[in-house]
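S.K.: Next comes the structure file my_file_20.pdb, holding PDB, C-alpha atoms, pLDDT in the B column.
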```
MODEL        1
ATOM      1  CA  MET A   5       2.241  -3.221 -13.731  1.00 37.00           C
ATOM      2  CA  THR A   6      -0.271  -4.836 -11.380  1.00 36.00           C
ATOM      3  CA  ILE A   7      -3.781  -3.393 -11.399  1.00 36.00           C
ATOM      4  CA  LEU A   8      -5.692  -6.308  -9.909  1.00 36.00           C
ATOM      5  CA  HIS A   9      -7.268  -6.179  -6.468  1.00 39.00           C
ATOM      6  CA  GLN A  10      -7.067  -2.422  -6.224  1.00 51.00           C
ATOM      7  CA  LYS A  11      -9.148  -2.473  -3.071  1.00 49.00           C
ATOM      8  CA  ALA A  12      -8.511  -4.631   0.001  1.00 42.00           C
ATOM      9  CA  HIS A  13      -6.177  -7.546  -0.649  1.00 41.00           C
ATOM     10  CA  ASN A  14      -7.345  -9.819   2.167  1.00 43.00           C
ATOM     11  CA  PRO A  15     -11.133 -10.222   2.355  1.00 39.00           C
ATOM     12  CA  ALA A  16     -11.007 -11.981   5.731  1.00 42.00           C
ATOM     13  CA  SER A  17      -8.898  -9.291   7.400  1.00 54.00           C
ATOM     14  CA  ASN A  18     -10.979  -6.539   5.802  1.00 62.00           C
ATOM     15  CA  SER A  19     -14.185  -8.108   7.080  1.00 60.00           C
ATOM     16  CA  PHE A  20     -12.663  -7.990  10.550  1.00 65.00           C
ATOM     17  CA  LEU A  21     -11.508  -4.430  10.018  1.00 82.00           C
ATOM     18  CA  GLU A  22     -14.967  -3.310   8.923  1.00 83.00           C
ATOM     19  CA  LYS A  23     -16.422  -4.641  12.173  1.00 88.00           C
ATOM     20  CA  CYS A  24     -13.739  -3.119  14.398  1.00 94.00           C
ATOM     21  CA  ARG A  25     -15.094  -1.176  17.395  1.00 94.00           C
ATOM     22  CA  LYS A  26     -11.933  -1.074  19.505  1.00 95.00           C
ATOM     23  CA  CYS A  27     -12.003   2.725  19.756  1.00 96.00           C
ATOM     24  CA  ALA A  28     -15.304   3.462  21.520  1.00 97.00           C
ATOM     25  CA  ARG A  29     -15.289   7.178  20.675  1.00 98.00           C
ATOM     26  CA  LEU A  30     -14.786   6.515  16.954  1.00 97.00           C
ATOM     27  CA  ALA A  31     -17.247   3.610  16.825  1.00 97.00           C
ATOM     28  CA  GLU A  32     -19.966   5.665  18.520  1.00 97.00           C
ATOM     29  CA  PHE A  33     -19.268   8.629  16.252  1.00 98.00           C
ATOM     30  CA  LEU A  34     -19.642   6.439  13.166  1.00 97.00           C
ATOM     31  CA  ASP A  35     -22.943   5.149  14.569  1.00 97.00           C
ATOM     32  CA  THR A  36     -24.275   8.714  14.582  1.00 97.00           C
ATOM     33  CA  VAL A  37     -22.811   9.443  11.129  1.00 98.00           C
ATOM     34  CA  ARG A  38     -24.615   6.427   9.637  1.00 97.00           C
ATOM     35  CA  ILE A  39     -27.896   7.754  10.998  1.00 97.00           C
ATOM     36  CA  GLN A  40     -27.249  11.254   9.638  1.00 97.00           C
ATOM     37  CA  TYR A  41     -25.875  10.008   6.300  1.00 98.00           C
ATOM     38  CA  PRO A  42     -27.383   6.544   5.636  1.00 97.00           C
ATOM     39  CA  ASP A  43     -25.807   6.363   2.151  1.00 97.00           C
ATOM     40  CA  TYR A  44     -22.248   6.903   3.430  1.00 97.00           C
ATOM     41  CA  TYR A  45     -19.724   4.065   3.750  1.00 96.00           C
ATOM     42  CA  ALA A  46     -19.131   5.107   7.407  1.00 96.00           C
ATOM     43  CA  LYS A  47     -16.917   2.162   8.395  1.00 96.00           C
ATOM     44  CA  PRO A  48     -13.169   1.660   8.832  1.00 96.00           C
ATOM     45  CA  VAL A  49     -11.705   2.424   5.398  1.00 96.00           C
ATOM     46  CA  PRO A  50      -9.334  -0.193   3.910  1.00 94.00           C
ATOM     47  CA  SER A  51      -6.214   0.605   1.925  1.00 95.00           C
ATOM     48  CA  PHE A  52      -6.311   1.001  -1.843  1.00 96.00           C
ATOM     49  CA  GLY A  53      -3.873   0.334  -4.663  1.00 95.00           C
ATOM     50  CA  ASP A  54      -1.337  -1.969  -6.213  1.00 92.00           C
ATOM     51  CA  LEU A  55      -0.680  -5.246  -4.383  1.00 88.00           C
ATOM     52  CA  SER A  56       2.919  -5.268  -5.612  1.00 92.00           C
ATOM     53  CA  ALA A  57       3.457  -1.622  -4.712  1.00 96.00           C
ATOM     54  CA  LYS A  58       6.929  -0.224  -4.216  1.00 97.00           C
ATOM     55  CA  LEU A  59       5.509   2.838  -2.435  1.00 98.00           C
ATOM     56  CA  LEU A  60       3.046   2.941   0.467  1.00 98.00           C
ATOM     57  CA  ILE A  61       1.454   6.334   1.142  1.00 98.00           C
ATOM     58  CA  ILE A  62       0.128   6.924   4.663  1.00 98.00           C
ATOM     59  CA  GLY A  63      -2.480   9.606   5.274  1.00 98.00           C
ATOM     60  CA  LEU A  64      -4.068  10.687   8.539  1.00 97.00           C
ATOM     61  CA  ALA A  65      -7.669   9.421   8.628  1.00 97.00           C
ATOM     62  CA  PRO A  66     -10.805   9.323   6.457  1.00 97.00           C
ATOM     63  CA  GLY A  67     -12.493  12.668   5.838  1.00 95.00           C
ATOM     64  CA  MET A  68     -16.183  13.059   6.655  1.00 96.00           C
ATOM     65  CA  HIS A  69     -17.363  13.645   3.083  1.00 96.00           C
ATOM     66  CA  GLY A  70     -14.415  11.961   1.368  1.00 96.00           C
ATOM     67  CA  ALA A  71     -13.180   8.483   2.260  1.00 97.00           C
ATOM     68  CA  ASN A  72     -15.827   8.120   4.965  1.00 97.00           C
ATOM     69  CA  ARG A  73     -18.477   8.717   2.301  1.00 97.00           C
ATOM     70  CA  THR A  74     -16.956   6.725  -0.548  1.00 97.00           C
ATOM     71  CA  GLY A  75     -15.014   3.971   1.229  1.00 96.00           C
ATOM     72  CA  ARG A  76     -11.696   4.696  -0.507  1.00 97.00           C
ATOM     73  CA  PRO A  77      -8.754   6.777   0.814  1.00 97.00           C
ATOM     74  CA  PHE A  78      -8.594  10.414  -0.372  1.00 97.00           C
ATOM     75  CA  THR A  79     -11.601   9.900  -2.632  1.00 97.00           C
ATOM     76  CA  GLY A  80     -14.282  12.507  -3.155  1.00 94.00           C
ATOM     77  CA  ASP A  81     -12.820  15.287  -1.031  1.00 92.00           C
ATOM     78  CA  PHE A  82     -10.445  18.231  -1.308  1.00 93.00           C
ATOM     79  CA  ALA A  83      -7.460  16.399   0.217  1.00 92.00           C
ATOM     80  CA  GLY A  84      -7.377  13.987  -2.703  1.00 96.00           C
ATOM     81  CA  ILE A  85      -7.152  16.641  -5.415  1.00 96.00           C
ATOM     82  CA  LEU A  86      -3.420  17.366  -5.209  1.00 97.00           C
ATOM     83  CA  LEU A  87      -2.547  13.781  -4.299  1.00 98.00           C
ATOM     84  CA  TYR A  88      -4.188  12.099  -7.275  1.00 98.00           C
ATOM     85  CA  GLN A  89      -3.273  14.846  -9.738  1.00 97.00           C
ATOM     86  CA  THR A  90       0.366  14.357  -8.793  1.00 98.00           C
ATOM     87  CA  LEU A  91       0.241  10.567  -8.854  1.00 98.00           C
ATOM     88  CA  TYR A  92      -1.292  10.769 -12.328  1.00 97.00           C
ATOM     89  CA  LYS A  93       1.354  13.232 -13.529  1.00 97.00           C
ATOM     90  CA  PHE A  94       4.112  10.814 -12.509  1.00 97.00           C
ATOM     91  CA  GLY A  95       2.430   7.742 -13.984  1.00 97.00           C
ATOM     92  CA  LEU A  96       1.340   6.245 -10.679  1.00 97.00           C
ATOM     93  CA  ALA A  97      -2.420   6.555 -11.292  1.00 97.00           C
ATOM     94  CA  SER A  98      -4.654   5.925 -14.293  1.00 97.00           C
ATOM     95  CA  ARG A  99      -6.743   9.055 -13.668  1.00 96.00           C
ATOM     96  CA  SER A 100      -6.104  12.517 -12.267  1.00 96.00           C
ATOM     97  CA  GLU A 101      -9.259  12.483 -10.140  1.00 95.00           C
ATOM     98  CA  SER A 102     -10.551  10.091  -7.504  1.00 95.00           C
ATOM     99  CA  ILE A 103     -14.303  10.585  -7.328  1.00 93.00           C
ATOM    100  CA  ALA A 104     -15.907   7.265  -6.361  1.00 93.00           C
ATOM    101  CA  VAL A 105     -15.049   3.589  -6.060  1.00 93.00           C
ATOM    102  CA  GLU A 106     -16.826   3.000  -9.399  1.00 92.00           C
ATOM    103  CA  ASP A 107     -14.621   5.432 -11.353  1.00 93.00           C
ATOM    104  CA  ASP A 108     -12.212   2.734 -12.621  1.00 92.00           C
ATOM    105  CA  LEU A 109      -9.183   4.420 -11.056  1.00 96.00           C
ATOM    106  CA  HIS A 110      -6.087   2.228 -10.722  1.00 96.00           C
ATOM    107  CA  LEU A 111      -2.798   2.873  -8.989  1.00 97.00           C
ATOM    108  CA  TYR A 112       0.525   1.629 -10.330  1.00 96.00           C
ATOM    109  CA  SER A 113       3.441   0.741  -8.048  1.00 96.00           C
ATOM    110  CA  CYS A 114       1.807   2.501  -5.090  1.00 97.00           C
ATOM    111  CA  ARG A 115      -0.781   1.908  -2.405  1.00 97.00           C
ATOM    112  CA  ILE A 116      -2.620   4.338  -0.115  1.00 98.00           C
ATOM    113  CA  THR A 117      -3.726   3.820   3.484  1.00 97.00           C
ATOM    114  CA  ASN A 118      -4.344   5.856   6.639  1.00 97.00           C
ATOM    115  CA  ALA A 119      -2.836   5.925  10.104  1.00 98.00           C
ATOM    116  CA  VAL A 120      -6.365   5.758  11.542  1.00 97.00           C
ATOM    117  CA  LYS A 121      -8.983   3.794   9.610  1.00 97.00           C
ATOM    118  CA  CYS A 122     -12.107   5.445  11.061  1.00 97.00           C
ATOM    119  CA  LEU A 123     -13.433   8.974  10.708  1.00 98.00           C
ATOM    120  CA  PRO A 124     -12.509  10.942  13.864  1.00 98.00           C
ATOM    121  CA  PRO A 125     -14.637  13.820  15.186  1.00 97.00           C
ATOM    122  CA  ALA A 126     -13.331  17.158  13.849  1.00 93.00           C
ATOM    123  CA  ASN A 127     -10.790  15.162  11.795  1.00 91.00           C
ATOM    124  CA  LYS A 128      -8.606  14.830  14.901  1.00 94.00           C
ATOM    125  CA  PRO A 129      -7.870  11.328  16.201  1.00 97.00           C
ATOM    126  CA  GLN A 130      -6.697  11.038  19.778  1.00 97.00           C
ATOM    127  CA  PRO A 131      -3.198   9.631  20.433  1.00 97.00           C
ATOM    128  CA  SER A 132      -4.748   6.540  22.023  1.00 97.00           C
ATOM    129  CA  GLU A 133      -6.738   5.923  18.828  1.00 97.00           C
ATOM    130  CA  VAL A 134      -3.619   6.214  16.689  1.00 98.00           C
ATOM    131  CA  ARG A 135      -1.948   3.635  18.945  1.00 97.00           C
ATOM    132  CA  GLN A 136      -4.978   1.340  18.939  1.00 96.00           C
ATOM    133  CA  CYS A 137      -5.199   1.367  15.140  1.00 97.00           C
ATOM    134  CA  ASN A 138      -1.459   0.938  14.706  1.00 97.00           C
ATOM    135  CA  ALA A 139      -1.655  -2.850  14.642  1.00 95.00           C
ATOM    136  CA  TYR A 140      -3.545  -2.626  11.354  1.00 95.00           C
ATOM    137  CA  LEU A 141      -0.913  -0.316   9.888  1.00 97.00           C
ATOM    138  CA  ALA A 142       1.887  -2.572  11.132  1.00 97.00           C
ATOM    139  CA  ALA A 143       0.249  -5.549   9.411  1.00 95.00           C
ATOM    140  CA  GLU A 144      -0.113  -3.540   6.203  1.00 95.00           C
ATOM    141  CA  ILE A 145       3.556  -2.539   6.273  1.00 97.00           C
ATOM    142  CA  THR A 146       4.631  -6.133   6.934  1.00 96.00           C
ATOM    143  CA  ASP A 147       2.588  -7.290   3.945  1.00 95.00           C
ATOM    144  CA  PHE A 148       3.882  -4.381   1.870  1.00 96.00           C
ATOM    145  CA  THR A 149       7.531  -5.226   2.491  1.00 96.00           C
ATOM    146  CA  ALA A 150       6.868  -8.938   1.985  1.00 95.00           C
ATOM    147  CA  HIS A 151       5.648  -8.103  -1.524  1.00 93.00           C
ATOM    148  CA  GLY A 152       8.745  -6.080  -2.372  1.00 94.00           C
ATOM    149  CA  GLY A 153       7.797  -2.678  -0.985  1.00 97.00           C
ATOM    150  CA  GLN A 154      10.692  -0.222  -0.879  1.00 97.00           C
ATOM    151  CA  GLY A 155       9.453   3.157   0.352  1.00 98.00           C
ATOM    152  CA  ILE A 156       6.881   4.805   2.598  1.00 98.00           C
ATOM    153  CA  LEU A 157       5.574   8.350   2.231  1.00 98.00           C
ATOM    154  CA  ALA A 158       4.008   9.860   5.357  1.00 98.00           C
ATOM    155  CA  LEU A 159       1.614  12.741   4.755  1.00 98.00           C
ATOM    156  CA  GLY A 160       1.907  14.847   7.891  1.00 98.00           C
ATOM    157  CA  ASN A 161       3.419  14.365  11.314  1.00 97.00           C
ATOM    158  CA  VAL A 162       0.698  12.052  12.667  1.00 97.00           C
ATOM    159  CA  ALA A 163       1.193   9.665   9.740  1.00 98.00           C
ATOM    160  CA  HIS A 164       4.963   9.985  10.211  1.00 98.00           C
ATOM    161  CA  GLN A 165       4.749   8.990  13.862  1.00 98.00           C
ATOM    162  CA  ALA A 166       2.273   6.196  13.145  1.00 98.00           C
ATOM    163  CA  GLY A 167       4.550   4.755  10.468  1.00 98.00           C
ATOM    164  CA  LEU A 168       7.563   4.750  12.754  1.00 98.00           C
ATOM    165  CA  MET A 169       5.482   3.251  15.564  1.00 98.00           C
ATOM    166  CA  ALA A 170       4.332   0.454  13.262  1.00 98.00           C
ATOM    167  CA  LEU A 171       7.968  -0.222  12.369  1.00 98.00           C
ATOM    168  CA  GLY A 172       9.045  -0.213  16.021  1.00 97.00           C
ATOM    169  CA  LEU A 173      11.383   2.750  15.530  1.00 97.00           C
ATOM    170  CA  LYS A 174      12.101   5.719  17.816  1.00 95.00           C
ATOM    171  CA  MET A 175      10.592   9.051  16.809  1.00 93.00           C
ATOM    172  CA  LYS A 176      13.642  11.052  17.875  1.00 94.00           C
ATOM    173  CA  SER A 177      15.859   9.134  15.475  1.00 96.00           C
ATOM    174  CA  TYR A 178      13.786  10.138  12.448  1.00 97.00           C
ATOM    175  CA  PRO A 179      12.332  13.664  12.914  1.00 97.00           C
ATOM    176  CA  PHE A 180       9.528  14.843  10.667  1.00 97.00           C
ATOM    177  CA  SER A 181      10.163  17.605   8.155  1.00 97.00           C
ATOM    178  CA  HIS A 182       8.703  18.256   4.739  1.00 98.00           C
ATOM    179  CA  GLY A 183      10.895  16.679   2.073  1.00 97.00           C
ATOM    180  CA  ALA A 184      12.828  14.519   4.529  1.00 97.00           C
ATOM    181  CA  ALA A 185      14.076  11.163   3.270  1.00 97.00           C
ATOM    182  CA  HIS A 186      15.253   8.644   5.857  1.00 97.00           C
ATOM    183  CA  ILE A 187      16.917   5.323   5.137  1.00 97.00           C
ATOM    184  CA  LEU A 188      15.799   2.896   7.845  1.00 97.00           C
ATOM    185  CA  PRO A 189      17.930   0.056   9.274  1.00 95.00           C
ATOM    186  CA  SER A 190      15.982  -2.439   7.137  1.00 94.00           C
ATOM    187  CA  GLY A 191      16.891  -0.502   3.998  1.00 95.00           C
ATOM    188  CA  LEU A 192      13.328   0.771   3.617  1.00 97.00           C
ATOM    189  CA  ARG A 193      13.151   4.436   2.615  1.00 98.00           C
ATOM    190  CA  PHE A 194      10.866   6.681   4.643  1.00 98.00           C
ATOM    191  CA  TYR A 195       9.770  10.011   3.155  1.00 98.00           C
ATOM    192  CA  ASP A 196       7.850  12.943   4.626  1.00 98.00           C
ATOM    193  CA  SER A 197       5.542  15.563   3.166  1.00 98.00           C
ATOM    194  CA  TYR A 198       3.073  18.002   4.576  1.00 98.00           C
ATOM    195  CA  HIS A 199      -0.451  16.617   4.288  1.00 97.00           C
ATOM    196  CA  CYS A 200      -2.460  17.494   1.165  1.00 95.00           C
ATOM    197  CA  SER A 201      -5.199  19.083   3.269  1.00 94.00           C
ATOM    198  CA  ARG A 202      -7.317  22.037   2.232  1.00 93.00           C
ATOM    199  CA  TYR A 203      -5.676  24.162   4.938  1.00 94.00           C
ATOM    200  CA  ASN A 204      -2.118  23.327   3.864  1.00 96.00           C
ATOM    201  CA  THR A 205      -2.729  23.846   0.165  1.00 95.00           C
ATOM    202  CA  GLN A 206      -4.820  27.011   0.463  1.00 94.00           C
ATOM    203  CA  THR A 207      -2.332  28.638   2.861  1.00 96.00           C
ATOM    204  CA  LYS A 208       0.527  27.587   0.534  1.00 95.00           C
ATOM    205  CA  ARG A 209       2.218  25.654   3.295  1.00 96.00           C
ATOM    206  CA  LEU A 210       2.182  22.896   0.692  1.00 97.00           C
ATOM    207  CA  THR A 211       2.274  23.997  -2.929  1.00 97.00           C
ATOM    208  CA  GLN A 212       1.885  21.849  -6.028  1.00 96.00           C
ATOM    209  CA  LYS A 213       5.570  22.344  -6.805  1.00 97.00           C
ATOM    210  CA  MET A 214       6.624  21.297  -3.291  1.00 98.00           C
ATOM    211  CA  PHE A 215       4.583  18.110  -3.458  1.00 98.00           C
ATOM    212  CA  GLU A 216       5.707  17.267  -6.969  1.00 98.00           C
ATOM    213  CA  GLN A 217       9.321  17.590  -5.838  1.00 98.00           C
ATOM    214  CA  VAL A 218       8.699  14.982  -3.144  1.00 98.00           C
ATOM    215  CA  ILE A 219       7.053  12.555  -5.561  1.00 98.00           C
ATOM    216  CA  ALA A 220       9.739  13.153  -8.187  1.00 97.00           C
ATOM    217  CA  ARG A 221      12.466  12.242  -5.711  1.00 97.00           C
ATOM    218  CA  ILE A 222      10.605   9.105  -4.657  1.00 98.00           C
ATOM    219  CA  CYS A 223      10.125   8.055  -8.278  1.00 97.00           C
ATOM    220  CA  ALA A 224      13.840   8.525  -8.921  1.00 97.00           C
ATOM    221  CA  ASP A 225      14.951   6.706  -5.765  1.00 97.00           C
ATOM    222  CA  LEU A 226      12.627   3.757  -6.219  1.00 96.00           C
ATOM    223  CA  ALA A 227      12.745   3.645 -10.030  1.00 93.00           C
ATOM    224  CA  LEU A 228       8.981   4.043 -10.268  1.00 90.00           C
ATOM    225  CA  ILE A 229       7.024   4.615 -13.476  1.00 65.00           C
ATOM    226  CA  THR A 230       7.426   8.174 -14.757  1.00 52.00           C
TER     227      THR A 230
ENDMDL
END
```
Translate this structure into structure tokens?
M.R.:
Amino acid sequence: MTILHQKAHNPASNSFLEKCRKCARLAEFLDTVRIQYPDYYAKPVPSFGDLSAKLLIIGLAPGMHGANRTGRPFTGDFAGILLYQTLYKFGLASRSESIAVEDDLHLYSCRITNAVKCLPPANKPQPSEVRQCNAYLAAEITDFTAHGGQGILALGNVAHQAGLMALGLKMKSYPFSHGAAHILPSGLRFYDSYHCSRYNTQTKRLTQKMFEQVIARICADLALIT
């Protein structure tokens, strides 16, 4: 049960990631955010979790007052509530809440990242920005599988498409639907869920039971800690 290096696993690559300004719209937006909120992290947010993870969870992008503020995926905002509560329930997290990077939260057998590393205006990255950032996700997935990774969970259609793009697979061959479980040519398992956003949970598009069913299946398939 590895709990070391729960933040970025490659300091050199993370240093490069933090300085990335390849998407002009996102870089300029973060410049204005840093002025408005000088205490916010307001940089590309690195992945978080177990280096020897069997499961990689892909979200959409940092939220303004969540990951963009704290510097850790799904931390300090509404979207992380259901995610971390569920991971904790199934033994994949040491705490049921993710509040700040100093809260001593650890993930077990899983790792969390985003399709787009920078905060996008109105929480909506442009397709070109998803493509531009995809090289980082592809590198993460390569490292993930090299360390024994077995399954990917995409939270929402954008994360689904970004994951397939990073793997060099055709979208039409693996359509997105909540609860879908695809077995890829490499043997990697690729799962889908609606995103744990405030809108999806408050409108009941995604309920706690629905999300727990997805995580339960993943835990069973990958023999994760339960």
S.K.: Which residue, A:Leu30, A:Leu21, A:Leu60, A:Cys223, has the smallest gap to Ser132 of chain A when you use only C-alpha atoms?
M.R.: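 Among the listed residues, A:Leu30 lies closest to Ser132 of chain A.
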S.K.: Expressed in Å to a single decimal, how great is the separation between atom CA of Glu106 of chain A and atom CA of Thr149 of chain A?
M.R.: 28.3 Å
S.K.: List every protein, DNA or RNA residue with an atom no more than 12 Å from (-2.8, -1.2, 17.1) in the file's coordinates, counting all atoms listed in the file, and format the result as a ChimeraX atom specification.
M.R.: /A:21,24,26-27,119-121,131-144,166-167,169-172
S.K.: Restricting the calculation to only C-alpha atoms: of A:Val218, A:Cys114, A:Ala83, A:Gly152, which residue gets closest to Gly95 of chain A?
M.R.: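 Residue with the minimum atom-to-atom distance to Gly95 of chain A: A:Cys114.
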S.K.: Against segment 180-191 of chain A, which residues of segment 82-174 of chain A fall within 12 Å? For each one I want the closest pair of atoms and the distance in Å (one decimal), counting all atoms listed in the file, rows by chain and increasing residue number, as CSV.
M.R.:
```
residue,atom,partner,partner_atom,distance
A:Thr146,CA,A:Ser190,CA,11.9
A:Thr149,CA,A:Ser190,CA,10.0
A:Gly152,CA,A:Gly191,CA,11.7
A:Gly153,CA,A:Gly191,CA,10.6
A:Gln154,CA,A:Gly191,CA,7.9
A:Gly155,CA,A:Gly191,CA,9.1
A:Ile156,CA,A:Ala185,CA,9.6
A:Leu157,CA,A:Ala185,CA,9.0
A:Ala158,CA,A:Phe180,CA,9.1
A:Leu159,CA,A:His182,CA,9.0
A:Gly160,CA,A:Phe180,CA,8.1
A:Asn161,CA,A:Phe180,CA,6.2
A:Val162,CA,A:Phe180,CA,9.5
A:Ala163,CA,A:Phe180,CA,9.9
A:His164,CA,A:Phe180,CA,6.7
A:Gln165,CA,A:Phe180,CA,8.2
A:Ala166,CA,A:Phe180,CA,11.6
A:Gly167,CA,A:Phe180,CA,11.3
A:Leu168,CA,A:Leu188,CA,9.8
A:Leu171,CA,A:Leu188,CA,9.6
A:Gly172,CA,A:Leu188,CA,11.1
A:Leu173,CA,A:Leu188,CA,8.9
A:Lys174,CA,A:Leu188,CA,11.0
```
